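Q: One file: target-v7.txt (compact mmCIF, C-alpha atoms).
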# COMPACT_ATOMS: atom_id res chain seq x y z
CA MET A 1 80.43 16.02 89.53
CA SER A 2 79.10 17.75 92.66
CA PHE A 3 80.88 19.72 95.38
CA LYS A 4 80.32 16.73 97.69
CA ASP A 5 82.51 14.69 95.36
CA LEU A 6 85.30 17.20 95.98
CA LYS A 7 85.20 16.37 99.70
CA ILE A 8 83.99 19.78 100.80
CA ASN A 9 82.55 19.66 104.32
CA LYS A 10 78.92 20.26 105.20
CA PRO A 11 79.12 23.82 106.65
CA ILE A 12 80.86 25.09 103.51
CA LEU A 13 78.52 23.10 101.26
CA ARG A 14 75.55 24.68 103.01
CA ALA A 15 76.94 28.19 102.46
CA ILE A 16 77.67 27.74 98.75
CA ALA A 17 74.31 26.04 98.19
CA GLU A 18 72.55 29.08 99.68
CA ALA A 19 74.68 31.27 97.40
CA GLY A 20 73.30 29.40 94.38
CA TYR A 21 76.28 27.17 93.59
CA ASP A 22 75.05 23.91 92.09
CA ASN A 23 77.98 22.09 90.52
CA PRO A 24 81.67 23.00 90.33
CA THR A 25 83.04 24.65 87.23
CA LEU A 26 85.84 23.01 85.27
CA VAL A 27 88.58 25.06 86.94
CA GLN A 28 87.13 24.17 90.36
CA GLU A 29 87.00 20.48 89.49
CA LYS A 30 90.66 20.51 88.51
CA ALA A 31 92.12 22.88 91.12
CA ILE A 32 90.33 21.99 94.36
CA PRO A 33 91.66 18.40 94.71
CA LEU A 34 95.22 19.54 93.97
CA ILE A 35 95.03 22.38 96.50
CA LEU A 36 93.53 20.09 99.15
CA ASN A 37 96.54 17.81 98.64
CA ARG A 38 98.82 20.79 99.39
CA ASN A 39 100.29 21.04 95.89
CA ASP A 40 101.61 24.25 94.40
CA VAL A 41 99.36 25.17 91.48
CA VAL A 42 99.47 27.52 88.47
CA VAL A 43 96.04 28.14 86.98
CA SER A 44 95.28 29.89 83.69
CA ALA A 45 91.57 30.62 83.30
CA GLN A 46 89.56 33.53 82.03
CA THR A 47 87.26 35.80 83.99
CA GLY A 48 83.92 34.21 84.86
CA THR A 49 85.21 30.63 85.17
CA GLY A 50 85.03 30.49 88.96
CA LYS A 51 88.68 31.10 89.83
CA THR A 52 88.04 32.68 93.24
CA ALA A 53 86.04 29.71 94.53
CA ALA A 54 88.69 27.41 93.07
CA PHE A 55 91.17 28.60 95.69
CA ALA A 56 88.82 29.95 98.39
CA LEU A 57 86.88 26.73 98.99
CA PRO A 58 89.91 24.45 99.51
CA ILE A 59 91.58 27.08 101.71
CA LEU A 60 88.51 27.18 103.95
CA GLN A 61 88.42 23.39 103.97
CA LEU A 62 92.10 23.15 104.99
CA LEU A 63 91.66 25.70 107.77
CA PHE A 64 88.34 24.35 109.03
CA ASP A 65 89.85 22.01 111.63
CA LYS A 66 92.02 24.86 112.97
CA GLN A 67 89.24 27.39 113.45
CA ASP A 68 88.57 26.86 117.14
CA THR A 69 91.55 28.89 118.36
CA PRO A 70 90.56 32.03 120.32
CA LYS A 71 89.85 34.97 118.07
CA LYS A 72 92.50 37.18 119.71
CA GLY A 73 95.08 34.48 119.18
CA LYS A 74 94.38 33.98 115.50
CA LYS A 75 97.33 34.11 113.12
CA VAL A 76 97.23 34.74 109.39
CA LYS A 77 97.30 31.27 107.84
CA ALA A 78 96.17 32.14 104.31
CA LEU A 79 97.34 35.22 102.42
CA ILE A 80 95.79 36.30 99.13
CA ILE A 81 97.51 39.10 97.19
CA SER A 82 95.39 41.08 94.73
CA PRO A 83 96.53 43.91 92.44
CA THR A 84 93.56 46.26 92.95
CA ARG A 85 91.21 47.33 95.72
CA GLU A 86 88.14 46.27 93.75
CA LEU A 87 89.48 42.76 93.23
CA ALA A 88 90.54 42.46 96.86
CA LEU A 89 87.09 43.49 98.06
CA GLN A 90 85.42 41.06 95.65
CA ILE A 91 87.56 38.20 96.96
CA GLY A 92 86.80 39.27 100.52
CA GLU A 93 83.05 39.16 99.85
CA ASN A 94 83.37 35.65 98.43
CA PHE A 95 85.33 34.39 101.44
CA LYS A 96 82.71 35.79 103.82
CA THR A 97 79.93 34.12 101.82
CA TYR A 98 81.64 30.73 101.71
CA SER A 99 82.62 30.83 105.42
CA THR A 100 79.17 31.80 106.74
CA TYR A 101 78.85 28.62 108.82
CA THR A 102 82.42 28.50 110.09
CA ASN A 103 84.31 30.46 112.74
CA LEU A 104 87.03 31.47 110.31
CA ARG A 105 87.75 35.19 110.17
CA SER A 106 88.86 37.05 107.06
CA THR A 107 89.56 40.69 106.28
CA VAL A 108 90.65 42.89 103.38
CA ILE A 109 93.35 45.57 103.54
CA TYR A 110 94.16 48.01 100.75
CA GLY A 111 95.50 51.52 100.17
CA GLY A 112 93.53 54.71 99.66
CA THR A 113 91.67 54.44 102.95
CA SER A 114 92.33 54.77 106.70
CA ILE A 115 95.15 52.52 107.88
CA GLU A 116 94.15 52.84 111.55
CA SER A 117 90.90 50.90 111.20
CA GLN A 118 92.81 48.14 109.40
CA LYS A 119 95.31 47.99 112.25
CA GLU A 120 92.47 47.49 114.73
CA VAL A 121 91.05 44.56 112.75
CA LEU A 122 94.46 42.92 112.48
CA LYS A 123 94.99 43.24 116.25
CA LYS A 124 91.92 41.08 116.83
CA GLY A 125 93.41 38.37 114.66
CA VAL A 126 92.37 36.91 111.32
CA ASP A 127 92.75 33.53 109.67
CA ILE A 128 92.58 34.76 106.06
CA LEU A 129 94.04 38.03 104.84
CA ILE A 130 93.27 39.50 101.42
CA ALA A 131 95.54 42.44 100.58
CA THR A 132 96.99 44.72 97.95
CA PRO A 133 100.79 44.52 98.07
CA GLY A 134 101.62 48.14 98.89
CA ARG A 135 99.36 48.46 101.94
CA LEU A 136 100.41 45.03 103.20
CA LEU A 137 104.09 46.03 103.16
CA ASP A 138 103.25 49.32 104.92
CA LEU A 139 101.47 47.45 107.71
CA HIS A 140 104.29 44.93 107.99
CA LYS A 141 106.85 47.73 108.39
CA GLN A 142 104.76 49.03 111.28
CA ASP A 143 104.71 45.53 112.88
CA CYS A 144 100.95 45.31 112.49
CA VAL A 145 100.84 42.05 110.57
CA ASN A 146 102.74 38.80 111.12
CA LEU A 147 103.17 36.47 108.15
CA ASP A 148 105.27 33.85 109.94
CA TYR A 149 102.36 31.40 110.11
CA VAL A 150 101.12 31.61 106.52
CA GLU A 151 100.37 28.13 105.18
CA THR A 152 98.86 29.09 101.81
CA PHE A 153 100.00 32.03 99.67
CA VAL A 154 97.84 33.04 96.69
CA LEU A 155 98.68 35.42 93.85
CA ASP A 156 95.47 36.36 92.07
CA GLU A 157 95.38 38.03 88.64
CA ALA A 158 99.15 37.67 88.36
CA ASP A 159 99.23 39.12 84.83
CA LEU A 160 97.64 42.37 85.99
CA MET A 161 99.93 42.38 89.03
CA LEU A 162 102.97 42.50 86.76
CA ASP A 163 101.39 44.96 84.32
CA MET A 164 100.95 47.37 87.23
CA GLY A 165 104.60 47.05 88.25
CA PHE A 166 104.10 45.13 91.50
CA VAL A 167 106.59 42.32 90.83
CA ASP A 168 109.16 43.56 93.37
CA ASP A 169 106.49 44.07 96.05
CA VAL A 170 105.13 40.58 95.40
CA LYS A 171 108.58 39.07 95.81
CA LYS A 172 109.08 41.00 99.06
CA VAL A 173 105.78 39.71 100.45
CA GLU A 174 106.60 36.15 99.40
CA ARG A 175 109.92 36.29 101.27
CA LEU A 176 108.11 37.37 104.45
CA CYS A 177 106.16 34.07 104.44
CA PRO A 178 107.54 30.69 105.51
CA SER A 179 109.47 28.78 102.85
CA SER A 180 107.33 25.70 103.54
CA LYS A 181 104.11 27.40 102.45
CA GLN A 182 101.85 26.26 99.62
CA THR A 183 101.81 28.75 96.73
CA LEU A 184 98.96 29.19 94.24
CA LEU A 185 99.14 31.43 91.18
CA PHE A 186 95.95 32.33 89.32
CA SER A 187 95.90 34.42 86.16
CA ALA A 188 93.66 35.14 83.18
CA THR A 189 96.73 34.90 80.94
CA ILE A 190 100.20 33.41 81.37
CA PRO A 191 102.60 35.63 79.42
CA TYR A 192 106.36 35.13 79.67
CA LYS A 193 106.77 37.41 82.71
CA VAL A 194 104.14 35.48 84.66
CA GLU A 195 105.84 32.23 83.69
CA GLN A 196 109.13 33.60 85.03
CA LEU A 197 107.46 34.59 88.30
CA ALA A 198 105.87 31.16 88.65
CA ASN A 199 109.24 29.46 88.13
CA ALA A 200 110.79 31.68 90.79
CA LEU A 201 108.11 31.30 93.48
CA LEU A 202 106.51 27.85 93.05
CA GLU A 203 107.98 24.42 93.60
CA ALA A 204 107.12 21.75 90.99
CA PRO A 205 103.67 23.25 90.45
CA HIS A 206 100.75 21.43 88.85
CA ARG A 207 99.50 23.41 85.85
CA ILE A 208 95.86 23.91 84.93
CA ASP A 209 94.91 25.57 81.66
CA VAL A 210 91.13 25.65 81.49
CA THR A 211 90.69 28.14 78.67
CA PRO A 212 93.56 29.04 76.35
CA ASN A 213 94.38 32.76 76.17
CA LYS A 214 93.19 33.09 72.60
CA THR A 215 89.66 31.78 73.02
CA THR A 216 86.47 33.76 73.46
CA SER A 217 83.06 32.43 74.42
CA LYS A 218 80.87 31.16 71.60
CA ASN A 219 77.96 32.88 73.35
CA ILE A 220 79.41 36.34 72.64
CA HIS A 221 78.41 37.99 69.35
CA GLN A 222 81.48 40.05 68.43
CA LEU A 223 80.80 43.10 66.25
CA ALA A 224 83.20 45.66 64.79
CA TYR A 225 82.43 49.19 63.60
CA TYR A 226 85.01 51.08 61.55
CA VAL A 227 84.52 54.73 62.47
CA PRO A 228 86.53 57.99 62.42
CA LYS A 229 87.87 58.74 65.89
CA ARG A 230 86.09 62.12 65.94
CA ASN A 231 82.72 60.34 65.45
CA LYS A 232 83.04 57.65 68.12
CA ILE A 233 80.85 59.49 70.64
CA GLU A 234 78.15 60.06 68.02
CA LEU A 235 78.27 56.37 67.07
CA CYS A 236 78.03 55.38 70.73
CA LEU A 237 74.93 57.55 71.20
CA HIS A 238 73.38 56.18 68.00
CA LEU A 239 73.85 52.57 69.12
CA LEU A 240 72.56 53.24 72.64
CA ARG A 241 69.40 54.76 71.15
CA ASN A 242 68.80 52.05 68.57
CA THR A 243 70.75 48.86 69.25
CA ILE A 244 72.52 48.40 72.58
CA LYS A 245 70.17 47.79 75.50
CA GLY A 246 70.38 46.52 79.05
CA HIS A 247 73.31 46.40 81.48
CA ILE A 248 76.43 47.73 79.73
CA ILE A 249 80.12 48.34 80.42
CA ILE A 250 81.99 50.76 78.15
CA PHE A 251 85.79 50.55 78.17
CA ARG A 252 87.98 53.57 77.51
CA ARG A 253 91.76 53.70 77.51
CA THR A 254 92.25 56.82 79.64
CA LYS A 255 90.72 58.47 82.69
CA PHE A 256 90.18 61.67 80.66
CA GLY A 257 88.27 59.67 78.05
CA VAL A 258 86.09 58.10 80.76
CA ASP A 259 85.15 61.50 82.19
CA LYS A 260 84.45 63.01 78.77
CA LEU A 261 82.12 60.20 77.70
CA GLU A 262 80.35 60.16 81.07
CA LYS A 263 79.50 63.87 80.82
CA THR A 264 78.13 63.37 77.30
CA LEU A 265 75.93 60.41 78.26
CA LEU A 266 74.62 62.18 81.37
CA LYS A 267 73.64 65.18 79.24
CA ASN A 268 71.73 62.81 76.98
CA GLY A 269 69.70 61.41 79.85
CA TYR A 270 71.43 58.05 80.42
CA LYS A 271 71.86 56.51 83.85
CA VAL A 272 75.63 56.25 83.92
CA ASP A 273 78.52 56.12 86.36
CA SER A 274 82.25 55.58 86.02
CA ILE A 275 85.35 54.23 87.72
CA HIS A 276 89.02 55.00 87.14
CA GLY A 277 92.24 55.41 89.10
CA ASP A 278 91.79 59.09 89.98
CA LYS A 279 88.49 58.49 91.79
CA SER A 280 88.48 57.90 95.53
CA GLN A 281 87.90 54.42 96.88
CA THR A 282 84.52 55.49 98.27
CA ALA A 283 83.42 56.88 94.90
CA ARG A 284 84.54 53.75 93.06
CA GLN A 285 82.75 51.41 95.45
CA GLU A 286 79.58 53.51 95.29
CA ALA A 287 79.69 53.40 91.48
CA LEU A 288 80.05 49.61 91.50
CA LYS A 289 77.24 49.29 94.02
CA ARG A 290 74.90 51.42 91.91
CA PHE A 291 75.79 49.45 88.78
CA LYS A 292 75.27 46.06 90.41
CA SER A 293 71.93 47.16 91.86
CA LYS A 294 70.98 48.55 88.41
CA ASP A 295 70.45 52.07 89.73
CA VAL A 296 72.65 52.90 86.74
CA THR A 297 72.66 50.80 83.58
CA ILE A 298 75.92 52.00 82.01
CA LEU A 299 79.35 51.87 83.64
CA ILE A 300 82.34 53.50 81.92
CA ALA A 301 85.73 52.27 83.09
CA THR A 302 89.42 51.94 82.41
CA ASP A 303 90.78 48.39 82.30
CA VAL A 304 92.70 48.56 85.58
CA ALA A 305 89.81 50.01 87.58
CA ALA A 306 87.31 47.57 86.10
CA ARG A 307 89.26 44.39 86.85
CA GLY A 308 87.27 43.73 90.03
CA ILE A 309 83.81 43.89 88.48
CA ASP A 310 81.85 40.65 88.81
CA ILE A 311 78.43 40.89 87.15
CA ASP A 312 76.52 37.73 86.25
CA ALA A 313 74.01 39.20 83.78
CA LEU A 314 75.90 41.77 81.74
CA ASP A 315 74.19 42.32 78.39
CA ALA A 316 76.90 44.05 76.41
CA VAL A 317 80.47 45.30 76.41
CA VAL A 318 81.53 48.30 74.31
CA ASN A 319 85.20 48.66 73.37
CA PHE A 320 85.09 52.41 72.78
CA ASP A 321 88.88 52.43 72.56
CA LEU A 322 90.70 49.31 71.38
CA PRO A 323 93.30 47.94 73.79
CA SER A 324 96.89 47.76 72.57
CA VAL A 325 97.29 44.32 74.16
CA PRO A 326 95.05 41.74 72.41
CA GLU A 327 94.62 39.62 75.56
CA THR A 328 92.96 42.61 77.20
CA TYR A 329 90.21 42.41 74.58
CA VAL A 330 89.55 38.79 75.56
CA HIS A 331 89.39 39.77 79.21
CA ARG A 332 87.04 42.70 78.53
CA ILE A 333 84.44 40.83 76.52
CA GLY A 334 84.62 37.85 78.89
CA ARG A 335 82.59 39.90 81.35
CA THR A 336 79.47 39.18 79.33
CA ALA A 337 77.88 35.82 78.38
CA ARG A 338 78.62 34.25 81.75
CA ALA A 339 76.95 31.22 83.28
CA GLY A 340 75.39 30.12 79.99
CA HIS A 341 74.00 33.56 79.09
CA THR A 342 74.54 35.27 75.75
CA GLY A 343 76.11 38.69 75.23
CA VAL A 344 77.31 41.15 72.63
CA ALA A 345 80.67 42.88 72.27
CA HIS A 346 80.69 46.10 70.22
CA THR A 347 84.14 47.28 69.13
CA PHE A 348 84.86 50.72 67.64
CA CYS A 349 87.92 50.84 65.39
CA SER A 350 89.39 54.08 64.03
CA ALA A 351 92.08 54.33 61.37
CA ASP A 352 94.94 54.32 63.88
CA GLU A 353 93.55 51.20 65.61
CA LYS A 354 93.43 48.88 62.61
CA ASN A 355 96.61 47.10 63.67
CA TYR A 356 95.08 46.45 67.10
CA ILE A 357 92.03 44.77 65.61
CA LYS A 358 94.24 42.66 63.34
CA ALA A 359 96.22 41.47 66.37
CA ILE A 360 93.02 40.64 68.23
CA GLN A 361 91.60 38.61 65.35
CA GLN A 362 94.90 36.78 64.99
CA LEU A 363 94.90 35.94 68.71
CA ILE A 364 91.31 34.67 68.90
CA GLN A 365 91.49 33.10 65.44
CA LEU A 366 88.17 34.65 64.56
CA GLN A 367 87.06 37.48 62.30
CA LEU A 368 84.81 40.01 64.01
CA ASP A 369 81.52 40.67 62.21
CA VAL A 370 81.90 44.08 60.59
CA ILE A 371 78.80 46.30 60.74
CA GLU A 372 78.87 48.67 57.80
CA ASP A 373 75.29 49.95 58.09
CA HIS A 374 75.79 52.84 60.52
CA PRO A 375 75.80 56.66 60.11
CA TYR A 376 79.55 57.23 60.63
CA PRO A 377 81.48 54.86 58.36
CA LEU A 378 85.25 55.12 58.07
CA ASP A 379 86.70 55.80 54.64
CA PRO A 380 88.45 52.52 53.71
CA LYS A 381 91.40 54.56 52.49
CA ALA A 382 91.64 56.58 55.69
CA LYS A 383 95.02 56.60 57.40
CA PRO A 384 96.16 57.90 60.81
CA ILE A 385 96.62 61.65 60.81
CA ILE A 386 100.33 62.53 60.93
CA HIS A 387 101.58 65.90 62.16
CA THR A 388 105.05 67.36 61.67
CA SER A 389 106.62 69.26 64.55
CA LYS A 390 107.65 72.78 63.50
CA LYS A 391 110.54 72.79 65.96
CA THR A 392 112.06 69.37 65.31
CA GLY A 393 110.55 68.30 62.03
CA SER A 394 109.72 64.93 63.61
CA LYS A 395 106.50 63.16 62.70
CA HIS A 396 103.99 61.89 65.21
CA LYS A 397 100.40 60.70 65.27
CA LYS A 398 97.70 63.04 66.43
CA GLY A 399 97.24 62.91 70.16
CA ARG A 400 100.56 61.19 70.88
CA LYS A 401 102.32 62.67 73.86
CA SER A 402 106.03 63.28 74.10
CA VAL A 403 108.23 60.91 76.10
CA ALA A 404 108.75 63.60 78.72
CA SER A 405 105.02 64.05 79.21
CA LYS A 406 104.64 60.36 79.98
CA LYS A 407 106.89 60.59 83.04
CA LYS A 408 104.17 60.95 85.62
CA LYS A 409 104.12 60.08 89.26
CA LYS A 410 103.21 56.43 89.79
CA ARG A 411 99.65 56.01 91.06
CA TRP A 412 98.15 53.33 93.23
CA TYR A 413 95.14 51.81 91.50
What is this structure when it is put down as structure tokens?
A:
Amino acid sequence: MSFKDLKINKPILRAIAEAGYDNPTLVQEKAIPLILNRNDVVVSAQTGTGKTAAFALPILQLLFDKQDTPKKGKKVKALIISPTRELALQIGENFKTYSTYTNLRSTVIYGGTSIESQKEVLKKGVDILIATPGRLLDLHKQDCVNLDYVETFVLDEADLMLDMGFVDDVKKVERLCPSSKQTLLFSATIPYKVEQLANALLEAPHRIDVTPNKTTSKNIHQLAYYVPKRNKIELCLHLLRNTIKGHIIIFRRTKFGVDKLEKTLLKNGYKVDSIHGDKSQTARQEALKRFKSKDVTILIATDVAARGIDIDALDAVVNFDLPSVPETYVHRIGRTARAGHTGVAHTFCSADEKNYIKAIQQLIQLQLDVIEDHPYPLDPKAKPIIHTSKKTGSKHKKGRKSVASKKKKKRWY
């Protein structure tokens, strides 16, 4: 099947051809005709399957005949909600690429940057608005954005949206749009909470499940290294010197862990940068730019900050810290081996992470290849270190914080 078969018009076809799009992916084949027919749609598909084009191309097609209205009179007709700034910007770049030969205007609004410049853009009028929920609601309260004319409402990365606690904001935004709108929900995974949200917001939606949550690409060689937690940095340096080459993303669970590993790798002469929630928007975008241009070859990131990364030729992913949610592992390693390429996922597992790796293997129904020939093997009998509090006598694992210490001010990612 070609994009012509999907009834995409010539100006859009020209733009995507110049961008290197040959034939539609499976999710695009299934979603585009349904969206063009104005159906509500729920799509479950992993990263790298072409989800953004699956909703962007039909939206541009539907709006194409309405693009000749004066620019100052433009109303927001398509609204895409994204959980993070990086994802919103990535979607915005795709819309600009696909709409090169149209008169359709799109813009991206998000927190952590000047609101005044965003107000000025909105005053001029846009057809397509890509936004993070918090900043969108702020602008609406200030009467800077009108959602009364929205025809298509898109929730992208719905699972991450809920993980970040945006469900109430999403519902508020949805209520600001006309009840007659078309609603599209895209997500890498469809857990129960996402299913509940879909049932609440969509009307008789068509469901597309391109890749089940538990699958991983056959082109990814998945390796596991059992290693004491105190030796993870040494193992990482050993593998970078002898095994892992090319363009690499290393995932860490915390912002502190990202900074610590970055300092170590910089001291050892590696070209490395990092992104996490405490970094400014400018710093995060500069880090992504340097990584994509290969000015740096290693990017260290937390899961939330890294969700907007779109790299076609990523050689390897390193799970320095194992995620507590097994689906997150699938999402992480799915960033490599895209578009027919091969890739390698290296996973470090300490004694207190053994249950995580068991859950991952159960989910993907695959045993990771265990690499035992490395300098820092974990004692098979090793168990998590348990400390007893002198004051309370309660037991806790090393490094675990008290409940009170977890009550931190909510951050915008």
Q: May I have the residues within 10 Å of Lys30 of chain A as a list in words, using only C-alpha atoms and disregarding those fewer than 6 positions away in the same chain?
A: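 These residues fall inside the cut-off: Leu6, Pro24, Val43, Ala54, Arg207, Ile208, Asp209 and Val210 of chain A.
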Q: Could you write those residues out with C-alpha atoms, as a tab-separated table (two decimals), in the coordinates of the input?
A:
chain	number	residue	atom	x	y	z
A	6	LEU	CA	85.30	17.20	95.98
A	24	PRO	CA	81.67	23.00	90.33
A	43	VAL	CA	96.04	28.14	86.98
A	54	ALA	CA	88.69	27.41	93.07
A	207	ARG	CA	99.50	23.41	85.85
A	208	ILE	CA	95.86	23.91	84.93
A	209	ASP	CA	94.91	25.57	81.66
A	210	VAL	CA	91.13	25.65	81.49
Q: Tell me which protein, DNA and RNA residues are within 9 Å of segment 323-329 of chain A, counting all atoms listed in the file, leaving out same-chain ones fewer than 2 positions away, and put them as a VMD selection string.
A: chain A and resid 188 to 189 213 to 214 252 to 253 303 319 321 331 to 334 353 355 to 357 359 to 364
Q: Which is closest to Ile16 of chain A among A:Ser106, A:Gln285, A:Thr243, A:Ser2, if we use only C-alpha atoms?
A: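 That would be A:Ser2, the residue with the smallest distance to Ile16 of chain A.
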Q: Do a neighbour search on Asp369 of chain A at 10 Å with all atoms listed in the file, toss out local chain neighbours closer than 3 positions, and write the hits as a ChimeraX atom specification.
A: /A:221-225,346-347,366,372
Q: Restricting the calculation to all atoms listed in the file, which member of A:Leu261, A:Ile115, A:Ala351, A:Ile220 is positioned closest to Asp315 of chain A?
A: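 For Asp315 of chain A, the nearest of the given residues is A:Ile220.
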Q: Find the residues near Lys294 of chain A: any atom within 12 Å, counting all atoms listed in the file, skip ones fewer than 3 places away on the same chain, and give them as a list in words.
A: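 Final neighbour list, sorted by chain and number: Gly246, His247, Ile248, Lys271, Val272, Asp273, Ala287, Leu288, Lys289, Arg290, Phe291, Thr297, Ile298, Leu299, Ile311, Ala313 and Leu314 of chain A.
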Q: Counting all atoms listed in the file, what is within 7 Å of Tyr101 of chain A, bar same-chain residues fewer than 2 positions away, as number ranges by chain?
A: A: 11-12, 15, 99, 103
Q: Select, counting only C-alpha atoms, all protein, DNA and RNA residues no farther than 9 Å from (99.2, 32.9, 106.9) in file coordinates, and express the selection as a PyMOL selection string.
A: chain A and resi 75-79+127-129+146-153+177-178+181
Q: Quick one: pull the distance between atom CA of Cys236 of chain A and atom CA of Phe251 of chain A, Å, one decimal.
A: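 So the two atoms, atom CA of Cys236 of chain A and atom CA of Phe251 of chain A, lie 11.8 Å apart.
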Q: Please compute the atom CA of Lys119 of chain A-atom CA of Leu139 of chain A distance, one decimal, in Å.
A: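 Straight-line distance from atom CA of Lys119 of chain A to atom CA of Leu139 of chain A works out to 7.7 Å.
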Q: Of the candidates A:Leu240, A:Phe256, A:Glu203, A:Phe64, which shows the shortest atom-to-atom distance to Tyr270 of chain A, using all atoms listed in the file?
A: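 Looking only at the distances to Tyr270 of chain A, the closest residue turns out to be A:Leu240.
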Q: Kindly indicate which residue among A:Thr183, A:Gln118, A:Thr264, A:Thr254 lies nearest to Ala301 of chain A, using all atoms listed in the file for the distances.
A: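 Nearest to Ala301 of chain A: A:Thr254.
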Q: Can you work out the spacing between atom CA of Asp168 of chain A and atom CA of Ser117 of chain A in Å, to one decimal?
A: 26.6 Å
Q: Which one is closest to Gly92 of chain A: A:Leu378, A:Leu60, A:Ile130, A:Leu322? Count only C-alpha atoms.
A: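 Ranking A:Leu378, A:Leu60, A:Ile130, A:Leu322 by distance to Gly92 of chain A, first place goes to A:Ile130.
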Q: Considering only C-alpha atoms, tabulate each residue of segment 4-71 of chain A that lies at most 12 Å from segment 80-86 of chain A along with its nearest interatomic pair and the corresponding distance in Å to one decimal; arrange the rows by chain and ascending residue number and present them as a Markdown table.
A:
| residue | atom | partner | partner_atom | distance |
| --- | --- | --- | --- | --- |
| A:Thr52 | CA | A:Ile80 | CA | 10.4 |
| A:Phe55 | CA | A:Ile80 | CA | 9.6 |
| A:Ala56 | CA | A:Ile80 | CA | 9.5 |
| A:Ile59 | CA | A:Ile80 | CA | 10.5 |
Q: Between A:Phe95, A:Gly269, A:Gln367, A:Asn219, which has the minimum distance to Thr342 of chain A (counting only C-alpha atoms)?
A: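 Of A:Phe95, A:Gly269, A:Gln367, A:Asn219, the one nearest Thr342 of chain A, counting only C-alpha atoms, is A:Asn219.
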